[in-house]
Amino acid sequence: MPATLLALQSLCSLLDGRRFLRRVRRSLGQPPGSYQPRAAVIVPCKGLHPGFEGNISAFLTQRYSDHQLIFVVASEDDPAYRYLKERLKASSARGPALKTALVVAGRSETRGEKVNNLLAGIAAVEPQTEVLVFADADATPGESWLKSLAAPLEDERVTVSTGFRWYLPGESFASQLRAAWDASIATMLGEHDHNFAWGGSMAIRAADFKRLRVAERYWASTVSDDYALTRAVREAGGRIRFEPRCLVKSREDSGLGEFLHWADRQIIITRVYSPRLWWKALGFYLFYGATFLVGLGSLVLSRRRAGEWLATAGLLLAILALGIAKGRLRATVAREMFPEECFTLKQYGARYWQLAPLVPWVMLLNFVVSAFARRIEWRGVRYELHSADEVRVVRN
């Protein structure tokens with residue numbers, strides 16, 4: 001019976017994956033929209049990671065009529081500060097078409113460095129700005145990303161417009177596993193009322209940001225800009241719209257230990273800032289793991305009739321097959337969203353489905369770790385997460 005329920009759950013998940021792919025195709029088949037309010041794009045930066053220069057170029061060359069681009073670092077000692085200072089100076093020498101700013105935020109003992117950078121960036125926003133846009137420097141936006149992200153806000157019922165990251169698999173096993181792991185979260189977004197904002201690609205009207213008191217109430221003492229914004233929108237009865245055109249590609253080559261550390265941090269943050277989602281997901285992965293272990297144990301140890309043995313084996317194989325099928329859908333999404341990455345995806349795109357059977361077990365490990373952890377390390381800074389409204393900086 002548990003295996004049958006898990007198989008049905010896996011089938012529903014596959015259908016969700018098909019709906020996600022249809023949503024992506026429908027979005028790509030439509031123009032991004034003509035709504036282009038005056039916008040400010042705030043990009044917190046730290047360090048010179050691989051791909052940083054290309055990502056900065058992508059932000060500087062957005063096809064958008066009127067916007068301000070604000071880069072923020074915590075300290076002038078950050079290598080990103082020196083690079084950005086020279087890059088923006090060279091950009092302004094070519095003409096004043098794009099308004100840019102480089103802000104030094106300083107340190108905070110009561111909130112995460114990224115959130116502190118965002119708040120400093122908001123303080124530098126021009127008064128006439130209509131839309132606030134938040135992005136990550138370790139992701140590469142497409143040339144129409146800003147236009148696509150702002151367009152849904154023409155509908156007054158939409159409070160936040162969001163995309164999500166999409167990791168491309170690289171040469172290392174950890175990079176490939178990260179891509180398969182993270183894509184399983186991306187495909188949770190869709191045309192429904194339980195979307196969540198993602199901090200590397202999200203936009204909100206400046207008036208709504210002020211009305212919801214995001215800076216004063218929700219970002220005052222947090223490390224999670226996006227979960228806090230999601231909470232603010234939900235408590236106000238607002239709506240978060242997912243825009244597939246605003247999926248942004250990322251690359252991250254690391255060792256397996258670094259990947260697991262990163263994945264644990266994502267789930268620890270989820271436990272603190274979205275406990276309902278954490279409990280729901282924990283229940284699913286415990287059910288998945290227990291069903292598989294009991295099923296495999298019964299196949300190996302029990303003396304069942306041939307028919308019962310085959311039925312159990314068939315259900316377990318069906319669950320794996322459904323997970324692999326959904327992984328193939330994610331590989332299709334990657335190819336259609338990022339055609340310029342055809343060489344990379346031809347080499348490693350199959351990892352989205354080949355590693356799909358491993359993802360639930362990694363997730364289960366992450367959830368077990370998050371059940372006993374409250375400390376995280378993020379870009380060299382350690383934080384102790386006491387609650388959704390209280391964080392302590394342990395060490396810079």
# chains A, B, ... in the order shown; residues from 1 in each chain; ligands from 1
>>> residues_around(residues="Asp226 of chain A", least_positions_apart="5", cutoff="8 Å", atoms="only C-alpha atoms", output="PDB file with N, CA and C atoms, in the first residue's frame")
ATOM      1  N   PHE A 196       6.736  31.034  -4.457  1.00  0.00           N
ATOM      2  CA  PHE A 196       7.587  31.756  -3.525  1.00  0.00           C
ATOM      3  C   PHE A 196       8.538  32.635  -4.335  1.00  0.00           C
ATOM      4  N   ALA A 197       8.963  33.745  -3.759  1.00  0.00           N
ATOM      5  CA  ALA A 197       9.907  34.628  -4.430  1.00  0.00           C
ATOM      6  C   ALA A 197      11.323  34.074  -4.300  1.00  0.00           C
ATOM      7  N   TRP A 198      12.128  34.288  -5.321  1.00  0.00           N
ATOM      8  CA  TRP A 198      13.540  33.909  -5.249  1.00  0.00           C
ATOM      9  C   TRP A 198      14.382  35.167  -5.385  1.00  0.00           C
ATOM     10  N   GLY A 199      15.295  35.375  -4.423  1.00  0.00           N
ATOM     11  CA  GLY A 199      16.008  36.630  -4.294  1.00  0.00           C
ATOM     12  C   GLY A 199      16.911  36.996  -5.450  1.00  0.00           C
TER      13      GLY A 199
END
>>> residues_around(residues="segment 118-122 of chain A", least_positions_apart="4", cutoff="9 Å", atoms="only C-alpha atoms", output="PyMOL selection string")
chain A and resi 40-44+70-72+101-106+113-114+126+132+134+215+219+225
>>> closest_residue(among="A:Leu355, A:Ala313, A:Ala388, A:Leu146", to="Ser34 of chain A", atoms="only C-alpha atoms")
A:Leu146
>>> residues_around(residues="Gly112 of chain A", least_positions_apart="6", cutoff="9 Å", atoms="only C-alpha atoms", output="JSON, numbers by chain")
{"A": [221, 222, 223, 224, 225, 378, 381, 383, 391, 392, 393]}
>>> write_last_selection(atoms="N, CA and C atoms", output="PDB file, in the first residue's frame")
ATOM      1  N   SER A 221      15.954  41.944  10.572  1.00  0.00           N
ATOM      2  CA  SER A 221      16.822  40.961  11.223  1.00  0.00           C
ATOM      3  C   SER A 221      16.590  39.593  10.604  1.00  0.00           C
ATOM      4  N   THR A 222      17.143  39.388   9.423  1.00  0.00           N
ATOM      5  CA  THR A 222      16.964  38.132   8.692  1.00  0.00           C
ATOM      6  C   THR A 222      18.182  37.885   7.820  1.00  0.00           C
ATOM      7  N   VAL A 223      18.381  36.642   7.414  1.00  0.00           N
ATOM      8  CA  VAL A 223      19.390  36.348   6.403  1.00  0.00           C
ATOM      9  C   VAL A 223      18.736  36.015   5.070  1.00  0.00           C
ATOM     10  N   SER A 224      17.420  35.832   5.077  1.00  0.00           N
ATOM     11  CA  SER A 224      16.717  35.390   3.875  1.00  0.00           C
ATOM     12  C   SER A 224      15.856  36.511   3.318  1.00  0.00           C
ATOM     13  N   ASP A 225      16.337  37.166   2.289  1.00  0.00           N
ATOM     14  CA  ASP A 225      15.576  38.239   1.658  1.00  0.00           C
ATOM     15  C   ASP A 225      14.313  37.718   0.983  1.00  0.00           C
ATOM     16  N   TRP A 378      27.644  31.467   5.230  1.00  0.00           N
ATOM     17  CA  TRP A 378      27.268  31.998   3.927  1.00  0.00           C
ATOM     18  C   TRP A 378      28.297  33.034   3.502  1.00  0.00           C
ATOM     19  N   VAL A 381      30.670  34.146   6.269  1.00  0.00           N
ATOM     20  CA  VAL A 381      30.090  34.685   7.498  1.00  0.00           C
ATOM     21  C   VAL A 381      29.204  33.620   8.127  1.00  0.00           C
ATOM     22  N   TYR A 383      26.188  32.517  10.772  1.00  0.00           N
ATOM     23  CA  TYR A 383      24.983  33.066  11.384  1.00  0.00           C
ATOM     24  C   TYR A 383      24.318  32.013  12.260  1.00  0.00           C
ATOM     25  N   VAL A 391      18.315  36.903  14.115  1.00  0.00           N
ATOM     26  CA  VAL A 391      19.521  36.232  13.664  1.00  0.00           C
ATOM     27  C   VAL A 391      20.709  36.887  14.353  1.00  0.00           C
ATOM     28  N   ARG A 392      21.718  36.093  14.650  1.00  0.00           N
ATOM     29  CA  ARG A 392      22.925  36.620  15.278  1.00  0.00           C
ATOM     30  C   ARG A 392      24.119  36.299  14.399  1.00  0.00           C
ATOM     31  N   VAL A 393      24.927  37.307  14.119  1.00  0.00           N
ATOM     32  CA  VAL A 393      26.159  37.110  13.361  1.00  0.00           C
ATOM     33  C   VAL A 393      27.198  36.538  14.313  1.00  0.00           C
TER      34      VAL A 393
END
>>> closest_residue(among="A:Gly200, A:Gly54, A:Gly323, A:Gly170", to="Tyr288 of chain A", atoms="only C-alpha atoms")
A:Gly323
>>> select_by_dssp(residues="segment 312-390 of chain A", states="helix (DSSP H, G or I)", output="MDAnalysis selection string")
chainID A and resid 312:337 339:348 351:354 356:370
>>> residues_around(residues="Asp253 of chain A", least_positions_apart="3", cutoff="10 Å", atoms="only C-alpha atoms", output="list in words")
Pro50, Leu168, Pro169, Gly170, Glu171, Ser172, Phe173, Ala174, Ser175, Gln176, Arg178, Leu256, Glu258 and Phe259 of chain A
>>> atom_distance(atom1="atom CA of Glu109 of chain A", atom2="atom CA of Glu235 of chain A")
26.7 Å
>>> atom_distance(atom1="atom CA of Leu296 of chain A", atom2="atom CA of Leu5 of chain A")
16.0 Å
>>> atom_distance(atom1="atom CA of Pro339 of chain A", atom2="atom CA of Gly47 of chain A")
28.7 Å
>>> select_by_dssp(residues="segment 174-321 of chain A", states="strand (DSSP E or B)", output="list in words")
Ser201, Met202, Ala203, Ile204, Arg205, Ile240, Arg241, Phe242, Glu243, Pro244, Arg245, Cys246, Leu247, Val248, Lys249 and Ser250 of chain A
>>> decode(residues="segment 85-127 of chain A", atoms="N, CA and C atoms", output="compact mmCIF listing (two decimals), in the first residue's frame")
# COMPACT_ATOMS: atom_id res chain seq x y z
N LYS A 85 34.29 49.27 -9.65
CA LYS A 85 34.63 50.69 -9.75
C LYS A 85 35.23 50.99 -11.11
N GLU A 86 36.17 50.15 -11.55
CA GLU A 86 36.80 50.36 -12.86
C GLU A 86 35.83 50.07 -13.99
N ARG A 87 35.01 49.03 -13.83
CA ARG A 87 34.07 48.65 -14.90
C ARG A 87 33.01 49.73 -15.11
N LEU A 88 32.48 50.27 -14.03
CA LEU A 88 31.45 51.30 -14.16
C LEU A 88 32.05 52.62 -14.67
N LYS A 89 33.28 52.87 -14.31
CA LYS A 89 33.95 54.06 -14.82
C LYS A 89 34.12 53.95 -16.33
N ALA A 90 34.52 52.78 -16.82
CA ALA A 90 34.67 52.57 -18.27
C ALA A 90 33.33 52.63 -18.97
N SER A 91 32.30 52.10 -18.31
CA SER A 91 30.96 52.12 -18.91
C SER A 91 30.42 53.53 -19.04
N SER A 92 30.62 54.36 -18.03
CA SER A 92 30.12 55.75 -18.07
C SER A 92 30.89 56.58 -19.10
N ALA A 93 32.13 56.21 -19.37
CA ALA A 93 32.92 56.94 -20.36
C ALA A 93 32.38 56.75 -21.77
N ARG A 94 31.66 55.64 -21.99
CA ARG A 94 31.10 55.37 -23.31
C ARG A 94 29.78 56.10 -23.53
N GLY A 95 29.23 56.72 -22.47
CA GLY A 95 27.99 57.46 -22.63
C GLY A 95 27.11 57.33 -21.40
N PRO A 96 26.23 58.31 -21.16
CA PRO A 96 25.40 58.33 -19.94
C PRO A 96 24.05 57.63 -20.11
N ALA A 97 23.97 56.67 -21.03
CA ALA A 97 22.68 56.04 -21.31
C ALA A 97 22.13 55.30 -20.10
N LEU A 98 23.00 54.64 -19.33
CA LEU A 98 22.56 53.85 -18.19
C LEU A 98 23.05 54.50 -16.89
N LYS A 99 22.13 54.69 -15.97
CA LYS A 99 22.48 55.25 -14.66
C LYS A 99 22.97 54.12 -13.76
N THR A 100 24.18 54.24 -13.23
CA THR A 100 24.75 53.20 -12.38
C THR A 100 25.23 53.81 -11.07
N ALA A 101 25.37 52.94 -10.07
CA ALA A 101 25.89 53.36 -8.78
C ALA A 101 26.61 52.19 -8.12
N LEU A 102 27.63 52.50 -7.34
CA LEU A 102 28.36 51.49 -6.56
C LEU A 102 28.30 51.92 -5.10
N VAL A 103 27.69 51.09 -4.27
CA VAL A 103 27.42 51.44 -2.87
C VAL A 103 28.21 50.51 -1.95
N VAL A 104 28.77 51.07 -0.89
CA VAL A 104 29.43 50.27 0.16
C VAL A 104 28.51 50.25 1.37
N ALA A 105 28.03 49.07 1.73
CA ALA A 105 26.98 48.95 2.76
C ALA A 105 27.53 48.89 4.18
N GLY A 106 28.76 48.42 4.37
CA GLY A 106 29.27 48.21 5.72
C GLY A 106 28.76 46.87 6.27
N ARG A 107 29.01 46.63 7.54
CA ARG A 107 28.65 45.36 8.20
C ARG A 107 27.44 45.55 9.09
N SER A 108 26.78 44.45 9.38
CA SER A 108 25.66 44.46 10.32
C SER A 108 25.79 43.27 11.27
N GLU A 109 25.41 43.47 12.51
CA GLU A 109 25.42 42.39 13.50
C GLU A 109 24.03 41.81 13.72
N THR A 110 23.04 42.33 13.00
CA THR A 110 21.66 41.90 13.25
C THR A 110 20.98 41.29 12.03
N ARG A 111 21.64 41.26 10.89
CA ARG A 111 21.02 40.65 9.70
C ARG A 111 22.12 40.15 8.77
N GLY A 112 21.71 39.38 7.78
CA GLY A 112 22.65 38.81 6.84
C GLY A 112 23.31 39.89 5.98
N GLU A 113 24.50 39.58 5.54
CA GLU A 113 25.25 40.54 4.74
C GLU A 113 24.53 40.89 3.45
N LYS A 114 23.93 39.89 2.79
CA LYS A 114 23.21 40.17 1.55
C LYS A 114 22.04 41.11 1.80
N VAL A 115 21.25 40.84 2.84
CA VAL A 115 20.11 41.70 3.15
C VAL A 115 20.58 43.11 3.49
N ASN A 116 21.67 43.22 4.24
CA ASN A 116 22.21 44.52 4.58
C ASN A 116 22.63 45.28 3.32
N ASN A 117 23.22 44.55 2.37
CA ASN A 117 23.59 45.17 1.10
C ASN A 117 22.36 45.66 0.34
N LEU A 118 21.30 44.85 0.34
CA LEU A 118 20.08 45.24 -0.37
C LEU A 118 19.48 46.51 0.22
N LEU A 119 19.46 46.59 1.53
CA LEU A 119 18.89 47.77 2.19
C LEU A 119 19.72 49.02 1.87
N ALA A 120 21.05 48.87 1.81
CA ALA A 120 21.90 50.00 1.43
C ALA A 120 21.65 50.39 -0.02
N GLY A 121 21.40 49.39 -0.87
CA GLY A 121 21.08 49.67 -2.26
C GLY A 121 19.77 50.41 -2.41
N ILE A 122 18.78 50.04 -1.61
CA ILE A 122 17.48 50.72 -1.66
C ILE A 122 17.62 52.19 -1.28
N ALA A 123 18.51 52.47 -0.34
CA ALA A 123 18.72 53.86 0.07
C ALA A 123 19.28 54.71 -1.07
N ALA A 124 19.89 54.06 -2.08
CA ALA A 124 20.47 54.80 -3.21
C ALA A 124 19.53 54.87 -4.41
N VAL A 125 18.34 54.32 -4.28
CA VAL A 125 17.38 54.32 -5.39
C VAL A 125 16.84 55.73 -5.63
N GLU A 126 16.70 56.11 -6.89
CA GLU A 126 16.17 57.42 -7.23
C GLU A 126 14.70 57.53 -6.81
N PRO A 127 14.26 58.73 -6.37
CA PRO A 127 12.90 58.90 -5.84
C PRO A 127 11.79 58.55 -6.82
